[in-house]
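With CSV, C-alpha atoms inside, this is my_file.csv:
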```csv
chain,number,residue,atom,x,y,z
A,170,MET,CA,4.6,0.8,-2.8
A,171,ALA,CA,7.8,2.9,-2.7
A,172,MET,CA,9.6,0.1,-4.6
A,173,ALA,CA,6.8,0.0,-7.2
A,174,ALA,CA,7.0,3.8,-7.6
A,175,LEU,CA,10.8,3.6,-8.2
A,176,LEU,CA,10.3,0.8,-10.7
A,177,LEU,CA,7.7,2.7,-12.7
A,178,LEU,CA,9.9,5.8,-12.6
A,179,ALA,CA,12.8,3.8,-14.0
A,180,LEU,CA,10.6,2.3,-16.7
A,181,ALA,CA,9.4,5.7,-17.7
A,182,LEU,CA,13.0,6.7,-18.6
A,183,GLY,CA,12.9,4.5,-21.6
A,184,ALA,CA,11.2,5.7,-24.7
A,185,PRO,CA,8.4,3.3,-25.7
A,186,ALA,CA,8.9,1.6,-29.0
A,187,THR,CA,7.0,-1.0,-31.1
A,188,HIS,CA,8.5,-4.4,-31.7
A,189,ALA,CA,6.9,-7.3,-33.7
A,190,ALA,CA,6.9,-10.8,-32.4
A,191,ASN,CA,8.1,-13.2,-35.1
A,192,SER,CA,6.2,-16.2,-36.4
A,193,SER,CA,7.9,-18.6,-34.1
A,194,GLY,CA,6.5,-16.7,-31.1
A,195,SER,CA,9.9,-15.8,-29.7
A,196,ALA,CA,9.9,-12.1,-28.8
A,197,ASP,CA,12.6,-10.1,-27.0
A,198,CYS,CA,10.6,-9.8,-23.7
A,199,ASP,CA,12.1,-10.7,-20.4
A,200,CYS,CA,8.9,-9.9,-18.4
A,201,TYR,CA,5.3,-8.8,-19.0
A,202,ALA,CA,3.4,-5.9,-17.5
A,203,THR,CA,-0.3,-5.5,-17.2
A,204,SER,CA,-2.4,-2.4,-16.9
A,205,ALA,CA,-2.7,-3.2,-13.2
A,206,GLN,CA,1.1,-2.7,-13.0
A,207,THR,CA,1.6,-6.4,-12.1
A,208,TYR,CA,4.6,-8.2,-13.6
A,209,TYR,CA,4.8,-11.8,-14.9
A,210,THR,CA,7.5,-14.0,-16.4
A,211,HIS,CA,5.6,-16.1,-18.9
A,212,TYR,CA,3.2,-15.4,-21.8
A,213,SER,CA,1.1,-17.6,-24.0
A,214,LEU,CA,-1.5,-16.9,-26.6
A,215,HIS,CA,-4.1,-19.5,-27.8
A,216,ASP,CA,-5.5,-17.9,-30.9
A,217,PHE,CA,-8.6,-19.5,-32.5
A,218,ARG,CA,-9.3,-16.7,-35.0
A,219,HIS,CA,-7.5,-18.1,-38.1
A,220,LEU,CA,-8.2,-21.8,-38.3
A,221,SER,CA,-9.8,-24.0,-40.9
A,222,ALA,CA,-13.3,-25.0,-39.8
A,223,PRO,CA,-14.4,-28.5,-41.0
A,224,PRO,CA,-17.9,-29.6,-40.3
A,225,ALA,CA,-18.6,-30.0,-36.6
A,226,PRO,CA,-18.8,-33.7,-35.5
A,227,ALA,CA,-22.3,-35.1,-35.0
A,228,LEU,CA,-23.6,-35.1,-31.5
A,229,ARG,CA,-25.3,-38.4,-30.9
A,230,GLN,CA,-28.1,-38.7,-28.4
A,231,ALA,CA,-27.1,-42.1,-27.1
A,232,LEU,CA,-24.0,-42.3,-24.9
A,233,PRO,CA,-21.6,-45.2,-25.5
A,234,ALA,CA,-22.2,-48.5,-23.7
A,235,GLY,CA,-19.1,-47.9,-21.5
A,236,ALA,CA,-20.4,-44.7,-20.0
A,237,ASN,CA,-21.2,-45.3,-16.3
A,238,PHE,CA,-23.1,-42.6,-14.4
A,239,THR,CA,-22.3,-44.2,-11.1
A,240,SER,CA,-18.5,-43.8,-11.6
A,241,GLY,CA,-18.7,-40.8,-13.9
A,242,GLN,CA,-16.2,-42.5,-16.2
A,243,SER,CA,-16.5,-44.2,-19.6
A,244,SER,CA,-14.5,-47.1,-20.9
A,245,ASP,CA,-15.4,-45.9,-24.4
A,246,THR,CA,-14.5,-42.6,-26.1
A,247,VAL,CA,-17.4,-40.1,-25.7
A,248,GLY,CA,-18.2,-38.3,-28.9
A,249,THR,CA,-15.9,-37.6,-31.9
A,250,THR,CA,-12.9,-35.3,-32.1
A,251,GLN,CA,-13.2,-32.8,-35.0
A,252,ARG,CA,-10.5,-33.4,-37.6
A,253,GLY,CA,-7.9,-30.7,-38.1
A,254,TYR,CA,-6.8,-28.3,-35.4
A,255,LEU,CA,-8.3,-30.3,-32.5
A,256,ASP,CA,-6.3,-33.5,-33.4
A,257,SER,CA,-3.1,-31.5,-34.0
A,258,ALA,CA,-0.2,-31.0,-31.6
A,259,ASP,CA,-1.0,-27.3,-31.5
A,260,TRP,CA,-4.1,-28.3,-29.5
A,261,THR,CA,-3.2,-31.5,-27.8
A,262,GLN,CA,0.0,-30.1,-26.3
A,263,SER,CA,-1.9,-27.3,-24.6
A,264,TRP,CA,-5.5,-28.5,-23.9
A,265,ALA,CA,-7.4,-31.6,-23.0
A,266,VAL,CA,-11.1,-32.2,-23.7
A,267,GLN,CA,-12.8,-33.9,-20.7
A,268,GLU,CA,-15.0,-36.9,-21.0
A,269,TRP,CA,-16.4,-37.4,-17.4
A,270,GLY,CA,-20.0,-37.3,-16.4
A,271,LYS,CA,-22.1,-37.1,-13.3
A,272,ASP,CA,-25.4,-38.7,-12.2
A,273,ARG,CA,-28.5,-36.8,-11.1
A,274,SER,CA,-28.9,-35.8,-7.5
A,275,ASP,CA,-31.4,-34.0,-5.3
A,276,VAL,CA,-29.9,-30.6,-6.1
A,277,ALA,CA,-28.9,-31.4,-9.7
A,278,PRO,CA,-31.8,-33.4,-11.3
A,279,THR,CA,-30.3,-33.7,-14.8
A,280,ARG,CA,-27.6,-36.2,-15.7
A,281,MET,CA,-24.7,-34.6,-17.5
A,282,TRP,CA,-21.8,-35.9,-19.6
A,283,ASN,CA,-18.9,-34.1,-21.4
A,284,SER,CA,-18.4,-35.0,-25.0
A,285,ASN,CA,-15.6,-34.5,-27.5
A,286,SER,CA,-18.3,-33.7,-30.1
A,287,ASN,CA,-19.2,-30.5,-28.1
A,288,VAL,CA,-15.8,-28.9,-28.6
A,289,TYR,CA,-15.1,-27.8,-32.2
A,290,VAL,CA,-13.9,-25.0,-34.5
A,291,ALA,CA,-16.5,-23.1,-36.4
A,292,GLY,CA,-16.5,-20.2,-38.8
A,293,ALA,CA,-16.8,-16.6,-37.5
A,294,THR,CA,-16.3,-13.4,-39.4
A,295,ASP,CA,-17.8,-10.8,-37.0
A,296,ASP,CA,-14.8,-10.2,-34.7
A,297,GLY,CA,-11.9,-9.7,-37.0
A,298,GLY,CA,-11.1,-13.3,-37.7
A,299,SER,CA,-12.4,-16.2,-39.7
A,300,SER,CA,-12.9,-18.9,-37.0
A,301,MET,CA,-13.6,-19.4,-33.3
A,302,LEU,CA,-13.5,-22.2,-30.8
A,303,VAL,CA,-16.9,-23.5,-29.6
A,304,LEU,CA,-17.9,-25.3,-26.4
A,305,ARG,CA,-21.5,-26.5,-26.7
A,306,THR,CA,-24.1,-27.9,-24.3
A,307,LYS,CA,-27.3,-29.6,-25.5
A,308,ARG,CA,-30.2,-31.1,-23.6
A,309,TRP,CA,-31.4,-34.5,-24.7
A,310,GLY,CA,-34.3,-36.1,-23.0
A,311,ALA,CA,-32.2,-38.5,-20.9
A,312,TYR,CA,-29.2,-36.2,-20.1
A,313,GLN,CA,-27.3,-33.0,-20.8
A,314,ALA,CA,-24.4,-33.2,-23.2
A,315,SER,CA,-21.8,-30.7,-22.0
A,316,ALA,CA,-18.3,-29.6,-22.8
A,317,GLU,CA,-15.1,-28.9,-20.7
A,318,VAL,CA,-11.5,-28.4,-21.6
A,319,GLU,CA,-8.5,-28.0,-19.3
A,320,ASN,CA,-5.3,-26.2,-20.1
A,321,LEU,CA,-2.2,-28.4,-19.5
A,322,GLN,CA,-0.1,-25.7,-17.9
A,323,LYS,CA,-1.0,-27.0,-14.4
A,324,ASN,CA,1.4,-25.0,-12.3
A,325,LEU,CA,0.2,-21.4,-12.6
A,326,MET,CA,1.0,-19.4,-9.5
A,327,TYR,CA,-0.6,-16.0,-10.1
A,328,ALA,CA,-1.8,-14.9,-13.5
A,329,SER,CA,-3.7,-12.5,-15.7
A,330,ILE,CA,-6.0,-14.4,-18.1
A,331,ARG,CA,-8.0,-12.8,-20.9
A,332,PHE,CA,-10.8,-14.5,-22.8
A,333,ARG,CA,-12.2,-13.1,-26.0
A,334,ALA,CA,-15.6,-14.6,-25.8
A,335,ARG,CA,-19.4,-14.5,-26.2
A,336,VAL,CA,-22.2,-16.8,-25.0
A,337,VAL,CA,-25.3,-17.5,-27.1
A,338,GLY,CA,-28.2,-19.9,-26.9
A,339,ASP,CA,-31.0,-21.1,-24.7
A,340,SER,CA,-31.7,-20.5,-21.1
A,341,GLY,CA,-30.6,-23.1,-18.5
A,342,ALA,CA,-26.8,-23.3,-19.1
A,343,VAL,CA,-23.6,-22.0,-17.5
A,344,ALA,CA,-20.5,-20.8,-19.4
A,345,GLY,CA,-17.4,-21.0,-17.2
A,346,MET,CA,-13.9,-19.5,-17.7
A,347,PHE,CA,-11.9,-20.0,-14.5
A,348,LEU,CA,-8.8,-20.9,-12.6
A,349,TYR,CA,-9.0,-24.2,-10.7
A,350,ARG,CA,-7.1,-26.6,-8.4
A,351,ASN,CA,-9.8,-27.9,-6.1
A,352,GLY,CA,-13.1,-26.8,-4.4
A,353,ALA,CA,-11.3,-24.4,-2.0
A,354,ASN,CA,-9.0,-22.9,-4.7
A,355,GLU,CA,-11.1,-21.7,-7.6
A,356,SER,CA,-11.8,-18.3,-9.2
A,357,ASP,CA,-14.7,-18.1,-11.6
A,358,ILE,CA,-16.1,-16.0,-14.4
A,359,GLU,CA,-19.5,-17.5,-15.0
A,360,ILE,CA,-22.3,-16.5,-17.4
A,361,LEU,CA,-25.7,-18.0,-16.8
A,362,THR,CA,-28.0,-18.0,-19.8
A,363,ARG,CA,-31.0,-17.6,-17.5
A,364,ASP,CA,-29.6,-14.2,-16.3
A,365,ASN,CA,-30.2,-10.8,-17.8
A,366,PRO,CA,-27.9,-10.4,-20.8
A,367,ASP,CA,-25.8,-7.7,-19.0
A,368,GLU,CA,-25.2,-9.7,-15.8
A,369,ILE,CA,-22.1,-11.8,-15.0
A,370,ARG,CA,-21.1,-13.8,-12.0
A,371,TYR,CA,-17.7,-13.5,-10.3
A,372,SER,CA,-16.9,-16.0,-7.5
A,373,ASN,CA,-14.1,-17.3,-5.4
A,374,GLN,CA,-14.8,-20.8,-4.1
A,375,PRO,CA,-16.1,-22.2,-1.8
A,376,VAL,CA,-19.4,-20.4,-2.3
A,377,LEU,CA,-21.4,-22.6,0.1
A,378,ASP,CA,-20.6,-23.6,3.6
A,379,ASP,CA,-21.0,-27.1,5.0
A,380,ASP,CA,-24.7,-26.6,5.6
A,381,GLY,CA,-25.3,-25.4,2.0
A,382,ASN,CA,-25.7,-21.7,2.8
A,383,GLU,CA,-24.0,-19.1,0.6
A,384,ILE,CA,-20.9,-17.5,2.2
A,385,LYS,CA,-20.9,-13.7,2.3
A,386,ASP,CA,-18.8,-12.1,-0.4
A,387,ALA,CA,-17.9,-15.4,-2.1
A,388,SER,CA,-20.0,-14.7,-5.2
A,389,THR,CA,-21.1,-11.4,-6.7
A,390,THR,CA,-23.5,-10.7,-9.6
A,391,VAL,CA,-22.2,-7.6,-11.5
A,392,ASN,CA,-24.1,-5.6,-14.1
A,393,MET,CA,-21.6,-4.9,-16.9
A,394,ASN,CA,-23.3,-1.6,-17.9
A,395,THR,CA,-24.1,0.1,-14.6
A,396,ASP,CA,-21.7,-1.7,-12.3
A,397,ALA,CA,-24.6,-2.5,-10.0
A,398,GLN,CA,-23.7,-5.3,-7.6
A,399,ILE,CA,-25.5,-7.4,-5.1
A,400,ASP,CA,-24.6,-4.9,-2.4
A,401,GLY,CA,-26.3,-2.1,-4.3
A,402,THR,CA,-23.1,-0.3,-5.3
A,403,VAL,CA,-23.6,1.7,-8.5
A,404,SER,CA,-21.1,3.7,-10.5
A,405,LEU,CA,-22.1,6.9,-12.2
A,406,ASP,CA,-20.2,6.0,-15.3
A,407,LYS,CA,-22.4,5.0,-18.2
A,408,ARG,CA,-21.3,3.2,-21.3
A,409,ASP,CA,-22.8,1.6,-24.4
A,410,GLN,CA,-24.8,-1.5,-23.7
A,411,ILE,CA,-22.6,-4.5,-22.9
A,412,LYS,CA,-24.2,-7.9,-23.3
A,413,TRP,CA,-22.5,-11.3,-22.9
A,414,SER,CA,-24.0,-12.4,-26.2
A,415,ASP,CA,-21.6,-9.9,-27.9
A,416,TRP,CA,-17.9,-10.3,-28.3
A,417,HIS,CA,-16.0,-8.9,-25.2
A,418,THR,CA,-12.7,-9.5,-23.5
A,419,HIS,CA,-13.2,-11.0,-20.1
A,420,ARG,CA,-10.2,-10.8,-17.8
A,421,LEU,CA,-9.4,-12.5,-14.5
A,422,ASP,CA,-6.3,-11.4,-12.5
A,423,TRP,CA,-5.0,-13.6,-9.6
A,424,THR,CA,-2.5,-12.1,-7.3
A,425,ALA,CA,-1.5,-13.1,-3.8
A,426,ASN,CA,-4.0,-10.9,-2.1
A,427,ALA,CA,-7.0,-10.5,-4.5
A,428,THR,CA,-8.9,-11.8,-7.4
A,429,THR,CA,-9.9,-9.0,-9.8
A,430,TRP,CA,-12.3,-9.1,-12.8
A,431,TYR,CA,-12.4,-6.9,-15.9
A,432,VAL,CA,-14.5,-6.5,-19.1
A,433,ASP,CA,-12.9,-4.9,-22.1
A,434,GLY,CA,-10.1,-3.6,-19.8
A,435,ARG,CA,-12.3,-2.0,-17.2
A,436,GLN,CA,-12.2,-3.3,-13.7
A,437,LEU,CA,-15.7,-4.4,-12.5
A,438,HIS,CA,-15.0,-6.3,-9.2
A,439,SER,CA,-12.3,-7.5,-6.8
A,440,LYS,CA,-12.4,-10.0,-3.9
A,441,THR,CA,-10.0,-10.7,-1.1
A,442,TYR,CA,-12.2,-13.6,0.2
A,443,GLY,CA,-11.1,-17.1,-1.0
A,444,VAL,CA,-8.1,-16.1,-3.1
A,445,PRO,CA,-6.5,-19.3,-4.3
A,446,THR,CA,-3.3,-20.2,-2.4
A,447,VAL,CA,-2.0,-23.1,-4.5
A,448,SER,CA,-0.9,-23.6,-8.1
A,449,SER,CA,-3.9,-23.8,-10.5
A,450,TYR,CA,-4.8,-24.1,-14.2
A,451,VAL,CA,-7.3,-22.7,-16.7
A,452,VAL,CA,-10.6,-24.4,-17.4
A,453,LEU,CA,-13.3,-23.7,-19.9
A,454,ASN,CA,-16.7,-25.3,-19.8
A,455,MET,CA,-20.3,-25.1,-20.9
A,456,TRP,CA,-22.8,-27.2,-18.9
A,457,SER,CA,-26.1,-27.6,-17.2
A,458,ASP,CA,-27.4,-30.1,-14.6
A,459,GLY,CA,-30.9,-28.8,-14.2
A,460,GLY,CA,-30.1,-27.4,-10.7
A,461,GLU,CA,-30.8,-24.1,-9.0
A,462,TRP,CA,-27.5,-22.5,-10.3
A,463,SER,CA,-27.7,-23.4,-14.0
A,464,GLY,CA,-31.5,-23.7,-14.3
A,465,LYS,CA,-33.2,-26.3,-16.4
A,466,MET,CA,-32.8,-26.3,-20.2
A,467,ASP,CA,-35.7,-27.5,-22.3
A,468,ASP,CA,-35.4,-30.7,-24.2
A,469,GLY,CA,-33.6,-30.0,-27.5
A,470,GLY,CA,-32.2,-26.7,-26.3
A,471,GLU,CA,-28.6,-25.8,-26.7
A,472,ALA,CA,-26.1,-23.0,-25.8
A,473,ARG,CA,-22.6,-22.2,-26.8
A,474,LEU,CA,-19.5,-20.5,-25.4
A,475,GLU,CA,-17.6,-19.1,-28.3
A,476,LEU,CA,-13.9,-18.0,-28.0
A,477,GLY,CA,-11.7,-16.0,-30.3
A,478,TRP,CA,-8.6,-16.4,-28.1
A,479,VAL,CA,-7.2,-17.0,-24.7
A,480,GLU,CA,-4.2,-14.9,-23.6
A,481,MET,CA,-2.2,-15.7,-20.5
A,482,VAL,CA,0.5,-13.9,-18.6
A,483,TYR,CA,1.6,-15.8,-15.6
A,484,ASN,CA,4.2,-17.0,-13.1
A,485,THR,CA,4.7,-20.7,-12.2
A,486,SER,CA,5.4,-22.7,-9.1
A,487,GLY,CA,8.0,-24.7,-11.0
A,488,PRO,CA,9.5,-25.1,-14.5
A,489,ILE,CA,7.3,-24.1,-17.4
A,490,ASP,CA,5.9,-27.0,-19.4
A,491,ASP,CA,6.6,-26.2,-23.0
A,492,GLY,CA,6.1,-29.5,-24.7
A,493,ASP,CA,8.1,-29.4,-27.9
A,494,ASP,CA,7.3,-25.7,-28.5
A,495,GLY,CA,5.1,-26.8,-31.4
A,496,GLY,CA,1.9,-25.3,-30.0
A,497,PRO,CA,0.8,-21.7,-29.4
A,498,GLN,CA,3.1,-18.8,-28.7
A,499,LYS,CA,4.7,-19.4,-25.3
A,500,LEU,CA,7.1,-16.7,-24.3
A,501,ARG,CA,9.2,-16.7,-21.2
A,502,ARG,CA,11.8,-14.7,-19.4
A,503,ARG,CA,15.3,-15.5,-20.7
A,504,ASP,CA,17.6,-17.1,-18.1
A,505,GLY,CA,20.3,-15.0,-16.5
A,506,GLY,CA,19.5,-11.5,-17.7
A,507,GLY,CA,16.7,-10.4,-15.3
A,508,CYS,CA,14.0,-8.2,-16.7
A,509,LYS,CA,15.9,-6.0,-19.1
A,510,THR,CA,13.0,-5.7,-21.4
A,511,VAL,CA,9.5,-5.5,-19.9
A,512,CYS,CA,6.6,-5.7,-22.5
A,513,ASN,CA,3.1,-4.4,-22.1
A,514,VAL,CA,0.3,-6.9,-22.8
A,515,ASP,CA,-2.5,-4.3,-22.7
A,516,GLY,CA,-3.4,-1.5,-25.0
A,517,SER,CA,-2.5,-1.0,-28.6
A,518,GLY,CA,0.3,-3.0,-30.1
A,519,SER,CA,-0.3,-6.0,-27.9
A,520,ILE,CA,1.3,-9.3,-28.7
A,521,LYS,CA,-1.9,-11.0,-29.7
A,522,ASN,CA,-2.4,-8.4,-32.4
A,523,GLY,CA,1.0,-8.9,-34.0
A,524,GLY,CA,3.3,-6.8,-31.9
A,525,PHE,CA,4.0,-5.5,-28.4
A,526,LYS,CA,5.0,-2.3,-26.7
A,527,VAL,CA,8.4,-2.2,-25.1
A,528,VAL,CA,7.9,-0.5,-21.8
A,529,SER,CA,11.7,-0.5,-21.1
A,530,ALA,CA,14.7,-1.6,-22.9
A,531,GLY,CA,18.5,-1.2,-23.0
A,532,ALA,CA,20.1,1.3,-20.8
A,533,ALA,CA,16.8,2.4,-19.2
A,534,ALA,CA,16.1,-1.2,-18.1
A,535,ALA,CA,19.6,-1.6,-16.8
A,536,ALA,CA,18.8,1.2,-14.3
A,537,VAL,CA,16.3,-1.1,-12.7
A,538,PRO,CA,18.2,-3.5,-10.4
A,539,VAL,CA,17.0,-7.1,-10.8
A,540,GLY,CA,16.7,-7.4,-7.0
A,541,LEU,CA,14.4,-4.4,-7.0
A,542,LEU,CA,12.2,-5.8,-9.7
A,543,ALA,CA,12.1,-9.2,-8.0
A,544,ALA,CA,11.1,-7.5,-4.7
A,545,VAL,CA,8.3,-5.6,-6.5
A,546,MET,CA,7.1,-8.8,-8.2
A,547,VAL,CA,7.1,-10.8,-4.9
A,548,ALA,CA,5.2,-7.9,-3.2
A,549,ALA,CA,2.6,-8.2,-6.0
A,550,GLY,CA,2.3,-12.0,-5.5
A,551,CYS,CA,4.6,-12.8,-8.4
A,552,LEU,CA,7.1,-15.6,-8.4
A,553,LEU,CA,10.2,-15.0,-10.5
A,554,LEU,CA,11.0,-18.4,-11.9
```

What do you get writing this file as structure tokens?
Amino acid sequence: MAMAALLLLALALGAPATHAANSSGSADCDCYATSAQTYYTHYSLHDFRHLSAPPAPALRQALPAGANFTSGQSSDTVGTTQRGYLDSADWTQSWAVQEWGKDRSDVAPTRMWNSNSNVYVAGATDDGGSSMLVLRTKRWGAYQASAEVENLQKNLMYASIRFRARVVGDSGAVAGMFLYRNGANESDIEILTRDNPDEIRYSNQPVLDDDGNEIKDASTTVNMNTDAQIDGTVSLDKRDQIKWSDWHTHRLDWTANATTWYVDGRQLHSKTYGVPTVSSYVVLNMWSDGGEWSGKMDDGGEARLELGWVEMVYNTSGPIDDGDDGGPQKLRRRDGGGCKTVCNVDGSGSIKNGGFKVVSAGAAAAAVPVGLLAAVMVAAGCLLL
């Protein structure tokens, strides 16, 4: 804590300034600071607000002949990829649409299959942009057509991830925005369309023990307006009504000792149970299997996870995978110079809105020894790579 205080004092010596990131996505930032005073070495923004939106591909009721529920795999492509952004390098170098399925079971009575047709760009003019990314799930009589995409930066090791999102549609579906490596290393934001519109689920996996019983403190339902939680804790702070069907910024912070969740910059919950300990990656999904968690969607029903952008500040367990730099803005600490310029990703003037706030620069930053900054970052669970 003493080191962190020294660092913040040193940063405060520099007068804040505004600096605009250029169109190539290369900004003069060495490191990135969050409102939680945690520091990261890499930044990326996946912005879906200003894309062309051709017609969504048709979602066919019949699965291809090669879809095998026993194996969960298909020898044929499932669904159709929307032309435009989703078949461009901007998308394919950063995200992968999943095409796996699963059969019914005693606890999940509805068959489910992920389809390319359920991931598409649509028009949206009610949140400051002209488009959005959509993940859809729809119930056919024989199965549930669902959607899942994985981010291809697979070696995140501590991160702060923000999702500008809303969820709309029928009861009986789950929208997931989460970090994942395996069943024992997963941190979730989940919105259940059968829940009250101001309730959200925060979990660190595993949630169930070997006997199928829920593990204490693994999963918490939080009311986004009153802060009421499953343990009855209530904050006196009252705000305007927050509903997951409206646009909000959902945030998940993963550090070495805790997973912490926010809505619109306000911390709602934190867990020390089940904090992931291995490198992970971001997953988005929209699904239902008719089970107790998702609920059962009526035949013909559908629900959608709609996203304006996904913003990530993170450290890695190895070299960053940049592809050919033809995708979204991916900014990283420059080699050899330490953190001479630390940029703020929260508040006004953030990178995603066309600029960033320089927290420290020049002589002021030089007053912060690189070794001291590295020590603070390691203490916060940050790897300086």

Original post:
Hey, which of A:Asp216, A:Asp467, A:Asp422, A:Asp433 ends up closest to Met326 of chain A? Count all atoms listed in the file.
Top reply: A:Asp422

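Between Ala314 of chain A and the residues A:Tyr371, A:Trp413, A:Tyr483, A:Trp269, the shortest atom-to-atom distance, using only C-alpha atoms, involves A:Trp269.
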
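Take atom CA of Gly345 of chain A and atom CA of Leu304 of chain A: the distance between them is 10.2 Å.
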
Original post:
Using only C-alpha atoms, which of the listed residues (A:Thr395, A:Gln262, A:Ser448, A:Asn454) sits closest to Leu325 of chain A?
Top reply: A:Ser448

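With only C-alpha atoms as the atoms that count, the minimum distance from Asp415 of chain A to the choices A:Glu471, A:Asp396, A:His438, A:Arg333 is reached by A:Arg333.
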
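In this comparison, which uses all atoms listed in the file, the residue of A:Cys512, A:Tyr201, A:Ser284, A:Phe217 approaching Gln242 of chain A most closely is A:Ser284.
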
Within 12 Å of Gly460 of chain A using all atoms listed in the file, minus same-chain residues under 4 positions, as a PDB file with C-alpha atoms, keeping the file's coordinate frame:
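So part.pdb came out as:
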```pdb
ATOM      1  CA  ARG A 273     -28.500 -36.800 -11.100  1.00  0.00           C
ATOM      2  CA  SER A 274     -28.900 -35.800  -7.500  1.00  0.00           C
ATOM      3  CA  ASP A 275     -31.400 -34.000  -5.300  1.00  0.00           C
ATOM      4  CA  VAL A 276     -29.900 -30.600  -6.100  1.00  0.00           C
ATOM      5  CA  ALA A 277     -28.900 -31.400  -9.700  1.00  0.00           C
ATOM      6  CA  PRO A 278     -31.800 -33.400 -11.300  1.00  0.00           C
ATOM      7  CA  THR A 279     -30.300 -33.700 -14.800  1.00  0.00           C
ATOM      8  CA  ARG A 280     -27.600 -36.200 -15.700  1.00  0.00           C
ATOM      9  CA  MET A 281     -24.700 -34.600 -17.500  1.00  0.00           C
ATOM     10  CA  GLN A 313     -27.300 -33.000 -20.800  1.00  0.00           C
ATOM     11  CA  GLY A 341     -30.600 -23.100 -18.500  1.00  0.00           C
ATOM     12  CA  ALA A 342     -26.800 -23.300 -19.100  1.00  0.00           C
ATOM     13  CA  VAL A 343     -23.600 -22.000 -17.500  1.00  0.00           C
ATOM     14  CA  ARG A 363     -31.000 -17.600 -17.500  1.00  0.00           C
ATOM     15  CA  TRP A 456     -22.800 -27.200 -18.900  1.00  0.00           C
ATOM     16  CA  GLY A 464     -31.500 -23.700 -14.300  1.00  0.00           C
ATOM     17  CA  LYS A 465     -33.200 -26.300 -16.400  1.00  0.00           C
ATOM     18  CA  MET A 466     -32.800 -26.300 -20.200  1.00  0.00           C
TER      19      MET A 466
END
```

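Nearest residue to Ala328 of chain A, choosing from A:Arg305, A:Lys385, A:Arg420, A:Arg229 and counting all atoms listed in the file: A:Arg420.
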
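Across the structure, atom CA of Phe347 of chain A and atom CA of Val482 of chain A are spaced 14.4 Å apart.
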
Subject >> Atomic separation - atom CA of Met346 of chain A relative to atom CA of Glu319 of chain A, Å >> reply: 10.2 Å

Point (-6.8, -27.9, -19.0) neighbourhood (10 Å, all atoms listed in the file) written as an mmCIF file with C-alpha atoms, keeping the file's coordinate frame:
```
data_model
loop_
_atom_site.group_PDB
_atom_site.id
_atom_site.type_symbol
_atom_site.label_atom_id
_atom_site.label_comp_id
_atom_site.auth_asym_id
_atom_site.auth_seq_id
_atom_site.Cartn_x
_atom_site.Cartn_y
_atom_site.Cartn_z
ATOM 1 C CA SER A 263 -1.900 -27.300 -24.600
ATOM 2 C CA TRP A 264 -5.500 -28.500 -23.900
ATOM 3 C CA ALA A 265 -7.400 -31.600 -23.000
ATOM 4 C CA VAL A 266 -11.100 -32.200 -23.700
ATOM 5 C CA GLN A 267 -12.800 -33.900 -20.700
ATOM 6 C CA GLU A 317 -15.100 -28.900 -20.700
ATOM 7 C CA VAL A 318 -11.500 -28.400 -21.600
ATOM 8 C CA GLU A 319 -8.500 -28.000 -19.300
ATOM 9 C CA ASN A 320 -5.300 -26.200 -20.100
ATOM 10 C CA LEU A 321 -2.200 -28.400 -19.500
ATOM 11 C CA GLN A 322 -0.100 -25.700 -17.900
ATOM 12 C CA LYS A 323 -1.000 -27.000 -14.400
ATOM 13 C CA LEU A 348 -8.800 -20.900 -12.600
ATOM 14 C CA TYR A 349 -9.000 -24.200 -10.700
ATOM 15 C CA SER A 449 -3.900 -23.800 -10.500
ATOM 16 C CA TYR A 450 -4.800 -24.100 -14.200
ATOM 17 C CA VAL A 451 -7.300 -22.700 -16.700
ATOM 18 C CA VAL A 452 -10.600 -24.400 -17.400
ATOM 19 C CA LEU A 453 -13.300 -23.700 -19.900
#
```

Subject >> Who sits within 8 Å of Ala222 of chain A, only C-alpha atoms, same chain under 3 positions skipped, as a PyMOL selection string >> reply: chain A and resi 225+290-292+300

Selected residues, C-alpha atoms, written as a short mmCIF file (atom, residue, chain, number, x, y, z; two decimals), in the coordinates of the input, please.
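The new file out23.cif reads:
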```
data_model
loop_
_atom_site.label_atom_id
_atom_site.label_comp_id
_atom_site.auth_asym_id
_atom_site.auth_seq_id
_atom_site.Cartn_x
_atom_site.Cartn_y
_atom_site.Cartn_z
CA ALA A 225 -18.60 -30.00 -36.60
CA VAL A 290 -13.90 -25.00 -34.50
CA ALA A 291 -16.50 -23.10 -36.40
CA GLY A 292 -16.50 -20.20 -38.80
CA SER A 300 -12.90 -18.90 -37.00
#
```

Which protein, DNA or RNA residues have an atom at most 6 Å from (-14.6, -21.4, -8.6), counting all atoms listed in the file? List them as a PDB file with C-alpha atoms, keeping the file's coordinate frame.
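Okay, selection_5.pdb is ready:
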```
ATOM      1  CA  GLU A 355     -11.100 -21.700  -7.600  1.00  0.00           C
ATOM      2  CA  SER A 356     -11.800 -18.300  -9.200  1.00  0.00           C
ATOM      3  CA  ASP A 357     -14.700 -18.100 -11.600  1.00  0.00           C
ATOM      4  CA  SER A 372     -16.900 -16.000  -7.500  1.00  0.00           C
ATOM      5  CA  ASN A 373     -14.100 -17.300  -5.400  1.00  0.00           C
ATOM      6  CA  GLN A 374     -14.800 -20.800  -4.100  1.00  0.00           C
TER       7      GLN A 374
END
```
